[in-house]
$ cat query04.cif   # mmCIF, C-alpha atoms
data_entry
loop_
_atom_site.group_PDB
_atom_site.id
_atom_site.type_symbol
_atom_site.label_atom_id
_atom_site.label_comp_id
_atom_site.auth_asym_id
_atom_site.auth_seq_id
_atom_site.Cartn_x
_atom_site.Cartn_y
_atom_site.Cartn_z
ATOM 1 C CA MET U 1 7.851 -2.987 -17.705
ATOM 2 C CA VAL U 2 4.924 -2.575 -15.324
ATOM 3 C CA ASN U 3 3.652 0.961 -14.693
ATOM 4 C CA MET U 4 2.888 1.295 -10.998
ATOM 5 C CA ALA U 5 0.754 3.830 -9.115
ATOM 6 C CA ILE U 6 1.229 4.293 -5.378
ATOM 7 C CA PHE U 7 -1.727 5.461 -3.262
ATOM 8 C CA VAL U 8 -0.806 7.185 0.020
ATOM 9 C CA SER U 9 -2.362 9.289 2.766
ATOM 10 C CA GLY U 10 0.506 10.354 5.004
ATOM 11 C CA GLY U 11 4.213 10.897 5.400
ATOM 12 C CA GLY U 12 5.173 8.545 2.607
ATOM 13 C CA THR U 13 8.138 6.632 4.013
ATOM 14 C CA ASN U 14 6.968 3.472 2.238
ATOM 15 C CA CYS U 15 6.205 5.440 -0.907
ATOM 16 C CA GLU U 16 9.711 6.931 -0.935
ATOM 17 C CA ASN U 17 11.253 3.533 -0.215
ATOM 18 C CA ILE U 18 9.375 1.938 -3.118
ATOM 19 C CA ILE U 19 10.287 4.709 -5.560
ATOM 20 C CA LYS U 20 13.972 4.480 -4.645
ATOM 21 C CA TYR U 21 13.954 0.682 -4.795
ATOM 22 C CA PHE U 22 12.609 0.671 -8.351
ATOM 23 C CA GLU U 23 14.964 3.345 -9.719
ATOM 24 C CA GLY U 24 16.558 1.787 -12.781
ATOM 25 C CA SER U 25 14.468 -1.369 -12.452
ATOM 26 C CA GLU U 26 13.646 -3.429 -15.525
ATOM 27 C CA VAL U 27 10.601 -4.878 -13.731
ATOM 28 C CA ALA U 28 8.504 -1.827 -12.873
ATOM 29 C CA ARG U 29 8.511 1.919 -12.592
ATOM 30 C CA PRO U 30 6.427 4.148 -10.321
ATOM 31 C CA VAL U 31 4.646 6.493 -12.738
ATOM 32 C CA LEU U 32 2.147 8.194 -10.401
ATOM 33 C CA VAL U 33 1.606 8.899 -6.703
ATOM 34 C CA ILE U 34 -1.955 9.627 -5.619
ATOM 35 C CA SER U 35 -2.821 11.058 -2.212
ATOM 36 C CA ASN U 36 -6.247 11.796 -0.810
ATOM 37 C CA LYS U 37 -4.757 14.698 1.171
ATOM 38 C CA ALA U 38 -2.897 17.777 -0.043
ATOM 39 C CA GLY U 39 0.334 18.811 1.637
ATOM 40 C CA VAL U 40 1.271 15.436 3.103
ATOM 41 C CA GLY U 41 4.885 14.310 3.220
ATOM 42 C CA ALA U 42 4.388 11.668 0.571
ATOM 43 C CA ILE U 43 3.641 14.296 -2.071
ATOM 44 C CA GLY U 44 6.844 16.195 -1.323
ATOM 45 C CA LYS U 45 8.916 13.018 -1.327
ATOM 46 C CA ALA U 46 7.520 11.886 -4.661
ATOM 47 C CA ASP U 47 7.984 15.349 -6.179
ATOM 48 C CA ARG U 48 11.638 15.383 -5.109
ATOM 49 C CA LEU U 49 12.146 11.966 -6.674
ATOM 50 C CA GLY U 50 10.558 13.062 -9.953
ATOM 51 C CA VAL U 51 7.376 10.994 -9.811
ATOM 52 C CA PRO U 52 4.186 12.840 -10.859
ATOM 53 C CA THR U 53 1.656 13.386 -8.062
ATOM 54 C CA ARG U 54 -2.059 14.068 -7.898
ATOM 55 C CA VAL U 55 -4.400 14.807 -5.003
ATOM 56 C CA ILE U 56 -7.718 12.969 -5.328
ATOM 57 C CA GLY U 57 -10.171 13.291 -2.456
ATOM 58 C CA LYS U 58 -12.867 10.833 -1.435
ATOM 59 C CA ALA U 59 -15.373 12.140 -4.000
ATOM 60 C CA GLY U 60 -12.890 11.813 -6.864
ATOM 61 C CA LEU U 61 -11.803 8.350 -5.760
ATOM 62 C CA ASN U 62 -15.407 7.203 -5.813
ATOM 63 C CA ASP U 63 -16.136 8.733 -9.221
ATOM 64 C CA PRO U 64 -15.240 6.476 -12.167
ATOM 65 C CA GLU U 65 -15.160 9.538 -14.429
ATOM 66 C CA VAL U 66 -12.361 11.053 -12.308
ATOM 67 C CA ILE U 67 -10.080 8.253 -11.165
ATOM 68 C CA LEU U 68 -10.168 5.877 -14.139
ATOM 69 C CA PRO U 69 -9.194 8.464 -16.801
ATOM 70 C CA LEU U 70 -6.317 9.581 -14.561
ATOM 71 C CA LEU U 71 -5.000 6.038 -14.247
ATOM 72 C CA ARG U 72 -5.350 5.560 -18.014
ATOM 73 C CA GLU U 73 -3.514 8.829 -18.660
ATOM 74 C CA PHE U 74 -0.476 7.385 -16.903
ATOM 75 C CA SER U 75 -1.006 3.863 -18.335
ATOM 76 C CA VAL U 76 -1.150 2.424 -14.820
ATOM 77 C CA ASP U 77 -0.961 -1.381 -14.832
ATOM 78 C CA PHE U 78 -0.684 -2.019 -11.099
ATOM 79 C CA ILE U 79 -1.675 -0.201 -7.885
ATOM 80 C CA VAL U 80 0.117 -0.325 -4.540
ATOM 81 C CA LEU U 81 -1.718 0.953 -1.469
ATOM 82 C CA ALA U 82 1.027 2.115 0.897
ATOM 83 C CA GLY U 83 -0.697 3.668 3.879
ATOM 84 C CA PHE U 84 -3.825 4.721 1.995
ATOM 85 C CA LEU U 85 -6.671 5.325 4.425
ATOM 86 C CA LEU U 86 -9.737 5.449 2.173
ATOM 87 C CA VAL U 87 -11.792 2.389 1.299
ATOM 88 C CA ILE U 88 -11.317 1.528 -2.374
ATOM 89 C CA PRO U 89 -14.594 1.567 -4.363
ATOM 90 C CA GLY U 90 -15.825 -1.634 -5.953
ATOM 91 C CA PHE U 91 -15.532 -0.416 -9.549
ATOM 92 C CA LEU U 92 -11.826 0.286 -9.061
ATOM 93 C CA ILE U 93 -11.235 -3.096 -7.425
ATOM 94 C CA ASP U 94 -12.965 -4.722 -10.394
ATOM 95 C CA GLU U 95 -10.952 -2.665 -12.906
ATOM 96 C CA TYR U 96 -7.691 -3.659 -11.207
ATOM 97 C CA ASP U 97 -8.679 -7.163 -10.179
ATOM 98 C CA HIS U 98 -5.551 -9.044 -9.113
ATOM 99 C CA ARG U 99 -3.555 -5.915 -9.947
ATOM 100 C CA MET U 100 -3.913 -4.010 -6.647
ATOM 101 C CA ILE U 101 -2.207 -4.808 -3.348
ATOM 102 C CA ASN U 102 -2.339 -3.353 0.150
ATOM 103 C CA LEU U 103 0.102 -3.197 3.041
ATOM 104 C CA HIS U 104 -1.495 -3.829 6.444
ATOM 105 C CA PRO U 105 0.476 -3.217 9.669
ATOM 106 C CA ALA U 106 -0.517 -6.444 11.439
ATOM 107 C CA LEU U 107 -0.627 -10.169 10.872
ATOM 108 C CA LEU U 108 -3.983 -10.633 9.189
ATOM 109 C CA PRO U 109 -6.585 -11.945 9.741
ATOM 110 C CA LYS U 110 -6.020 -10.434 13.185
ATOM 111 C CA PHE U 111 -6.623 -6.691 13.589
ATOM 112 C CA GLY U 112 -8.098 -6.029 10.164
ATOM 113 C CA GLY U 113 -11.284 -4.509 8.787
ATOM 114 C CA ILE U 114 -13.020 -1.140 8.837
ATOM 115 C CA GLY U 115 -11.337 1.335 11.177
ATOM 116 C CA MET U 116 -8.243 -0.825 11.660
ATOM 117 C CA TYR U 117 -5.455 1.283 10.217
ATOM 118 C CA GLY U 118 -2.316 3.024 11.427
ATOM 119 C CA HIS U 119 -2.024 3.544 15.154
ATOM 120 C CA HIS U 120 -5.426 1.962 15.803
ATOM 121 C CA VAL U 121 -3.876 -1.349 14.787
ATOM 122 C CA HIS U 122 -0.839 -1.010 17.046
ATOM 123 C CA GLU U 123 -3.028 -0.004 19.989
ATOM 124 C CA ALA U 124 -5.205 -3.078 19.396
ATOM 125 C CA VAL U 125 -2.148 -5.342 19.220
ATOM 126 C CA LYS U 126 -0.954 -3.923 22.559
ATOM 127 C CA ALA U 127 -4.373 -4.244 24.179
ATOM 128 C CA ALA U 128 -4.628 -7.881 23.090
ATOM 129 C CA GLY U 129 -1.330 -8.755 24.783
ATOM 130 C CA GLU U 130 0.180 -10.206 21.618
ATOM 131 C CA SER U 131 3.736 -11.563 21.704
ATOM 132 C CA GLU U 132 4.353 -10.701 18.069
ATOM 133 C CA THR U 133 3.158 -8.374 15.357
ATOM 134 C CA GLY U 134 4.089 -7.850 11.762
ATOM 135 C CA MET U 135 3.071 -6.801 8.304
ATOM 136 C CA THR U 136 0.815 -8.362 5.716
ATOM 137 C CA VAL U 137 0.778 -7.743 1.980
ATOM 138 C CA HIS U 138 -2.507 -8.859 0.432
ATOM 139 C CA TRP U 139 -4.598 -8.535 -2.687
ATOM 140 C CA VAL U 140 -7.294 -5.876 -2.460
ATOM 141 C CA SER U 141 -10.812 -7.312 -2.513
ATOM 142 C CA ARG U 142 -14.269 -5.953 -1.785
ATOM 143 C CA GLU U 143 -13.890 -7.126 1.818
ATOM 144 C CA VAL U 144 -11.672 -4.623 3.673
ATOM 145 C CA ASP U 145 -8.382 -6.386 4.531
ATOM 146 C CA GLY U 146 -9.987 -9.621 3.325
ATOM 147 C CA GLY U 147 -8.077 -10.294 0.117
ATOM 148 C CA ALA U 148 -5.782 -13.290 -0.252
ATOM 149 C CA ILE U 149 -2.499 -12.938 1.645
ATOM 150 C CA ILE U 150 0.624 -12.623 -0.507
ATOM 151 C CA ALA U 151 3.317 -12.350 2.174
ATOM 152 C CA GLN U 152 3.693 -11.837 5.921
ATOM 153 C CA PHE U 153 6.636 -10.964 8.123
ATOM 154 C CA SER U 154 6.615 -10.961 11.926
ATOM 155 C CA THR U 155 8.590 -9.450 14.777
ATOM 156 C CA ALA U 156 8.571 -10.182 18.498
ATOM 157 C CA ILE U 157 7.098 -7.617 20.889
ATOM 158 C CA SER U 158 7.269 -7.494 24.667
ATOM 159 C CA PRO U 159 4.742 -6.589 27.386
ATOM 160 C CA GLU U 160 6.779 -3.440 28.005
ATOM 161 C CA ASP U 161 6.397 -2.196 24.424
ATOM 162 C CA THR U 162 4.102 0.781 23.931
ATOM 163 C CA PRO U 163 1.970 1.160 20.794
ATOM 164 C CA ASP U 164 4.686 3.522 19.497
ATOM 165 C CA ASP U 165 7.330 0.838 20.116
ATOM 166 C CA ILE U 166 5.189 -1.726 18.319
ATOM 167 C CA ALA U 167 4.697 0.651 15.400
ATOM 168 C CA ALA U 168 8.449 1.257 15.149
ATOM 169 C CA LYS U 169 9.252 -2.468 15.141
ATOM 170 C CA GLU U 170 6.618 -3.164 12.504
ATOM 171 C CA HIS U 171 7.826 -0.263 10.364
ATOM 172 C CA VAL U 172 11.310 -1.792 10.208
ATOM 173 C CA LEU U 173 9.728 -4.824 8.528
ATOM 174 C CA GLU U 174 7.938 -2.607 6.006
ATOM 175 C CA MET U 175 11.152 -0.833 5.034
ATOM 176 C CA GLU U 176 13.021 -4.111 4.678
ATOM 177 C CA HIS U 177 10.454 -6.265 2.906
ATOM 178 C CA PHE U 178 7.692 -4.341 1.126
ATOM 179 C CA PRO U 179 9.577 -3.305 -2.041
ATOM 180 C CA GLN U 180 11.014 -6.812 -2.438
ATOM 181 C CA VAL U 181 7.571 -8.386 -2.106
ATOM 182 C CA ILE U 182 6.272 -6.037 -4.805
ATOM 183 C CA GLU U 183 9.173 -6.888 -7.107
ATOM 184 C CA LYS U 184 8.792 -10.661 -6.689
ATOM 185 C CA LEU U 185 5.052 -10.397 -7.214
ATOM 186 C CA LEU U 186 5.411 -8.315 -10.362
ATOM 187 C CA ILE U 187 7.933 -10.744 -11.805
ATOM 188 C CA SER U 188 5.574 -13.667 -11.222
ATOM 189 C CA GLU U 189 2.444 -11.768 -12.331
ATOM 190 C CA ALA U 190 3.967 -9.545 -15.027
ATOM 191 C CA GLY U 191 1.827 -10.745 -17.943
ATOM 192 C CA LYS U 192 -1.405 -10.405 -15.984
ATOM 193 C CA CYS U 193 -0.416 -6.979 -14.667
ATOM 194 C CA ARG U 194 0.138 -5.543 -18.112
ATOM 195 C CA THR U 195 -2.903 -7.082 -19.756
ATOM 196 C CA GLY U 196 -5.359 -7.025 -16.870
ATOM 197 C CA ARG U 197 -6.045 -10.770 -17.304
#

$ encode --input "query04.cif" --output "structure tokens"
Amino acid sequence: MVNMAIFVSGGGTNCENIIKYFEGSEVARPVLVISNKAGVGAIGKADRLGVPTRVIGKAGLNDPEVILPLLREFSVDFIVLAGFLLVIPGFLIDEYDHRMINLHPALLPKFGGIGMYGHHVHEAVKAAGESETGMTVHWVSREVDGGAIIAQFSTAISPEDTPDDIAAKEHVLEMEHFPQVIEKLLISEAGKCRTGR
């Protein structure tokens, strides 16, 4: 059984979807939800579903003496970034090497990097006149949105679609595919996830 932490910054629809998907799972269990903001929807959703939550701001995230003991307290083997808007510090990437994944709301390598998150991505997709968009699940590396791609799913968009329309279409993919990608990955990587090797 892999102990999973979910890092979030907002409403938490993906967080809630992941927690529900893994209820009763023999593969993994969400043991902790961390948000960098107090009072966001994700915290309430996780609380209602019985998963412990903590609020860790930017300073705490970047302090090994704060974040690492917390993750050890909950015996976290694997980290899922599900709409987490802070850049992960290098020491944490090293500690969870090949045990931390991110969801990006576009088809990387397009529309990635510093500042490319949330609605900024969908606005960029619209401005570029793309005929499709999608989601990318990738390993977290020291290069923002630069880690190896694990899975991608695409959806067609039209010239008439607004950034909100594009976001809604992409979000459907996240709800449908993200938990399954996590599950398949954890099954294939289970030994490494538990041992850190």

$ residues_around --input "query04.cif" --residues "Ala46 of chain U" --least-positions-apart "6" --cutoff "7 Å" --atoms "all atoms listed in the file" --output "NGL selection string"
:U and (16 or 33 or 53)

$ closest_residue --input "query04.cif" --among "U:Ala167, U:Ala28, U:Val140, U:Leu81" --to "Tyr96 of chain U" --atoms "only C-alpha atoms"
U:Val140

$ resolve_selection --input "query04.cif" --expression "the PyMOL selection byres ((chain U and resi 39) around 12)" --output "list of chain:residue names"
U:Val8, U:Ser9, U:Gly10, U:Gly11, U:Gly12, U:Ile34, U:Ser35, U:Asn36, U:Lys37, U:Ala38, U:Val40, U:Gly41, U:Ala42, U:Ile43, U:Gly44, U:Lys45, U:Ala46, U:Asp47, U:Thr53, U:Arg54, U:Val55

$ closest_residue --input "query04.cif" --among "U:Val87, U:Leu71, U:Val80, U:Ala128" --to "Ile157 of chain U" --atoms "only C-alpha atoms"
U:Ala128

$ closest_residue --input "query04.cif" --among "U:Asn62, U:Asn14, U:Ser75, U:Thr162" --to "His119 of chain U" --atoms "only C-alpha atoms"
U:Thr162

$ build_atoms --input "query04.cif" --residues "segment 130-161 of chain U" --atoms "N, CA and C atoms" --output "PDB file, keeping the file's coordinate frame"
ATOM      1  N   GLU U 130      -0.509  -9.352  22.597  1.00  0.00           N
ATOM      2  CA  GLU U 130       0.180 -10.206  21.618  1.00  0.00           C
ATOM      3  C   GLU U 130       1.683 -10.278  21.902  1.00  0.00           C
ATOM      4  N   SER U 131       2.280 -11.404  21.540  1.00  0.00           N
ATOM      5  CA  SER U 131       3.736 -11.563  21.704  1.00  0.00           C
ATOM      6  C   SER U 131       4.480 -11.265  20.409  1.00  0.00           C
ATOM      7  N   GLU U 132       3.739 -11.070  19.336  1.00  0.00           N
ATOM      8  CA  GLU U 132       4.353 -10.701  18.069  1.00  0.00           C
ATOM      9  C   GLU U 132       3.385  -9.845  17.261  1.00  0.00           C
ATOM     10  N   THR U 133       3.957  -9.110  16.335  1.00  0.00           N
ATOM     11  CA  THR U 133       3.158  -8.374  15.357  1.00  0.00           C
ATOM     12  C   THR U 133       3.879  -8.491  14.031  1.00  0.00           C
ATOM     13  N   GLY U 134       3.418  -7.752  13.051  1.00  0.00           N
ATOM     14  CA  GLY U 134       4.089  -7.850  11.762  1.00  0.00           C
ATOM     15  C   GLY U 134       3.346  -7.111  10.683  1.00  0.00           C
ATOM     16  N   MET U 135       3.672  -7.438   9.470  1.00  0.00           N
ATOM     17  CA  MET U 135       3.071  -6.801   8.304  1.00  0.00           C
ATOM     18  C   MET U 135       2.495  -7.858   7.386  1.00  0.00           C
ATOM     19  N   THR U 136       1.448  -7.477   6.690  1.00  0.00           N
ATOM     20  CA  THR U 136       0.815  -8.362   5.716  1.00  0.00           C
ATOM     21  C   THR U 136       0.666  -7.615   4.400  1.00  0.00           C
ATOM     22  N   VAL U 137       1.065  -8.249   3.317  1.00  0.00           N
ATOM     23  CA  VAL U 137       0.778  -7.743   1.980  1.00  0.00           C
ATOM     24  C   VAL U 137      -0.295  -8.657   1.401  1.00  0.00           C
ATOM     25  N   HIS U 138      -1.394  -8.046   0.928  1.00  0.00           N
ATOM     26  CA  HIS U 138      -2.507  -8.859   0.432  1.00  0.00           C
ATOM     27  C   HIS U 138      -3.148  -8.206  -0.788  1.00  0.00           C
ATOM     28  N   TRP U 139      -3.823  -9.048  -1.570  1.00  0.00           N
ATOM     29  CA  TRP U 139      -4.598  -8.535  -2.687  1.00  0.00           C
ATOM     30  C   TRP U 139      -5.772  -7.731  -2.149  1.00  0.00           C
ATOM     31  N   VAL U 140      -6.139  -6.679  -2.855  1.00  0.00           N
ATOM     32  CA  VAL U 140      -7.294  -5.876  -2.460  1.00  0.00           C
ATOM     33  C   VAL U 140      -8.557  -6.532  -3.017  1.00  0.00           C
ATOM     34  N   SER U 141      -9.522  -6.748  -2.119  1.00  0.00           N
ATOM     35  CA  SER U 141     -10.812  -7.312  -2.513  1.00  0.00           C
ATOM     36  C   SER U 141     -11.913  -6.407  -1.972  1.00  0.00           C
ATOM     37  N   ARG U 142     -13.144  -6.767  -2.253  1.00  0.00           N
ATOM     38  CA  ARG U 142     -14.269  -5.953  -1.785  1.00  0.00           C
ATOM     39  C   ARG U 142     -14.456  -6.044  -0.268  1.00  0.00           C
ATOM     40  N   GLU U 143     -13.880  -7.035   0.359  1.00  0.00           N
ATOM     41  CA  GLU U 143     -13.890  -7.126   1.818  1.00  0.00           C
ATOM     42  C   GLU U 143     -12.636  -6.413   2.345  1.00  0.00           C
ATOM     43  N   VAL U 144     -12.813  -5.393   3.171  1.00  0.00           N
ATOM     44  CA  VAL U 144     -11.672  -4.623   3.673  1.00  0.00           C
ATOM     45  C   VAL U 144     -10.704  -5.551   4.414  1.00  0.00           C
ATOM     46  N   ASP U 145      -9.453  -5.550   3.976  1.00  0.00           N
ATOM     47  CA  ASP U 145      -8.382  -6.386   4.531  1.00  0.00           C
ATOM     48  C   ASP U 145      -8.676  -7.878   4.388  1.00  0.00           C
ATOM     49  N   GLY U 146      -9.588  -8.232   3.461  1.00  0.00           N
ATOM     50  CA  GLY U 146      -9.987  -9.621   3.325  1.00  0.00           C
ATOM     51  C   GLY U 146      -9.426 -10.348   2.130  1.00  0.00           C
ATOM     52  N   GLY U 147      -8.638  -9.657   1.306  1.00  0.00           N
ATOM     53  CA  GLY U 147      -8.077 -10.294   0.117  1.00  0.00           C
ATOM     54  C   GLY U 147      -7.023 -11.328   0.464  1.00  0.00           C
ATOM     55  N   ALA U 148      -6.744 -12.210  -0.473  1.00  0.00           N
ATOM     56  CA  ALA U 148      -5.782 -13.290  -0.252  1.00  0.00           C
ATOM     57  C   ALA U 148      -4.416 -12.730   0.150  1.00  0.00           C
ATOM     58  N   ILE U 149      -3.800 -13.375   1.128  1.00  0.00           N
ATOM     59  CA  ILE U 149      -2.499 -12.938   1.645  1.00  0.00           C
ATOM     60  C   ILE U 149      -1.395 -13.353   0.678  1.00  0.00           C
ATOM     61  N   ILE U 150      -0.515 -12.402   0.383  1.00  0.00           N
ATOM     62  CA  ILE U 150       0.624 -12.623  -0.507  1.00  0.00           C
ATOM     63  C   ILE U 150       1.877 -12.936   0.294  1.00  0.00           C
ATOM     64  N   ALA U 151       2.120 -12.163   1.347  1.00  0.00           N
ATOM     65  CA  ALA U 151       3.317 -12.350   2.174  1.00  0.00           C
ATOM     66  C   ALA U 151       3.083 -11.764   3.552  1.00  0.00           C
ATOM     67  N   GLN U 152       3.722 -12.366   4.556  1.00  0.00           N
ATOM     68  CA  GLN U 152       3.693 -11.837   5.921  1.00  0.00           C
ATOM     69  C   GLN U 152       5.080 -11.939   6.541  1.00  0.00           C
ATOM     70  N   PHE U 153       5.383 -10.970   7.381  1.00  0.00           N
ATOM     71  CA  PHE U 153       6.636 -10.964   8.123  1.00  0.00           C
ATOM     72  C   PHE U 153       6.321 -10.548   9.552  1.00  0.00           C
ATOM     73  N   SER U 154       6.948 -11.216  10.529  1.00  0.00           N
ATOM     74  CA  SER U 154       6.615 -10.961  11.926  1.00  0.00           C
ATOM     75  C   SER U 154       7.828 -10.490  12.714  1.00  0.00           C
ATOM     76  N   THR U 155       7.550  -9.885  13.858  1.00  0.00           N
ATOM     77  CA  THR U 155       8.590  -9.450  14.777  1.00  0.00           C
ATOM     78  C   THR U 155       8.070  -9.606  16.197  1.00  0.00           C
ATOM     79  N   ALA U 156       8.959  -9.987  17.100  1.00  0.00           N
ATOM     80  CA  ALA U 156       8.571 -10.182  18.498  1.00  0.00           C
ATOM     81  C   ALA U 156       8.333  -8.832  19.176  1.00  0.00           C
ATOM     82  N   ILE U 157       7.333  -8.799  20.062  1.00  0.00           N
ATOM     83  CA  ILE U 157       7.098  -7.617  20.889  1.00  0.00           C
ATOM     84  C   ILE U 157       7.002  -8.076  22.339  1.00  0.00           C
ATOM     85  N   SER U 158       7.248  -7.156  23.247  1.00  0.00           N
ATOM     86  CA  SER U 158       7.269  -7.494  24.667  1.00  0.00           C
ATOM     87  C   SER U 158       6.136  -6.787  25.396  1.00  0.00           C
ATOM     88  N   PRO U 159       5.788  -7.254  26.598  1.00  0.00           N
ATOM     89  CA  PRO U 159       4.742  -6.589  27.386  1.00  0.00           C
ATOM     90  C   PRO U 159       5.076  -5.136  27.708  1.00  0.00           C
ATOM     91  N   GLU U 160       6.360  -4.808  27.694  1.00  0.00           N
ATOM     92  CA  GLU U 160       6.779  -3.440  28.005  1.00  0.00           C
ATOM     93  C   GLU U 160       6.633  -2.498  26.804  1.00  0.00           C
ATOM     94  N   ASP U 161       6.484  -3.040  25.622  1.00  0.00           N
ATOM     95  CA  ASP U 161       6.397  -2.196  24.424  1.00  0.00           C
ATOM     96  C   ASP U 161       5.117  -1.368  24.432  1.00  0.00           C
TER      97      ASP U 161
END
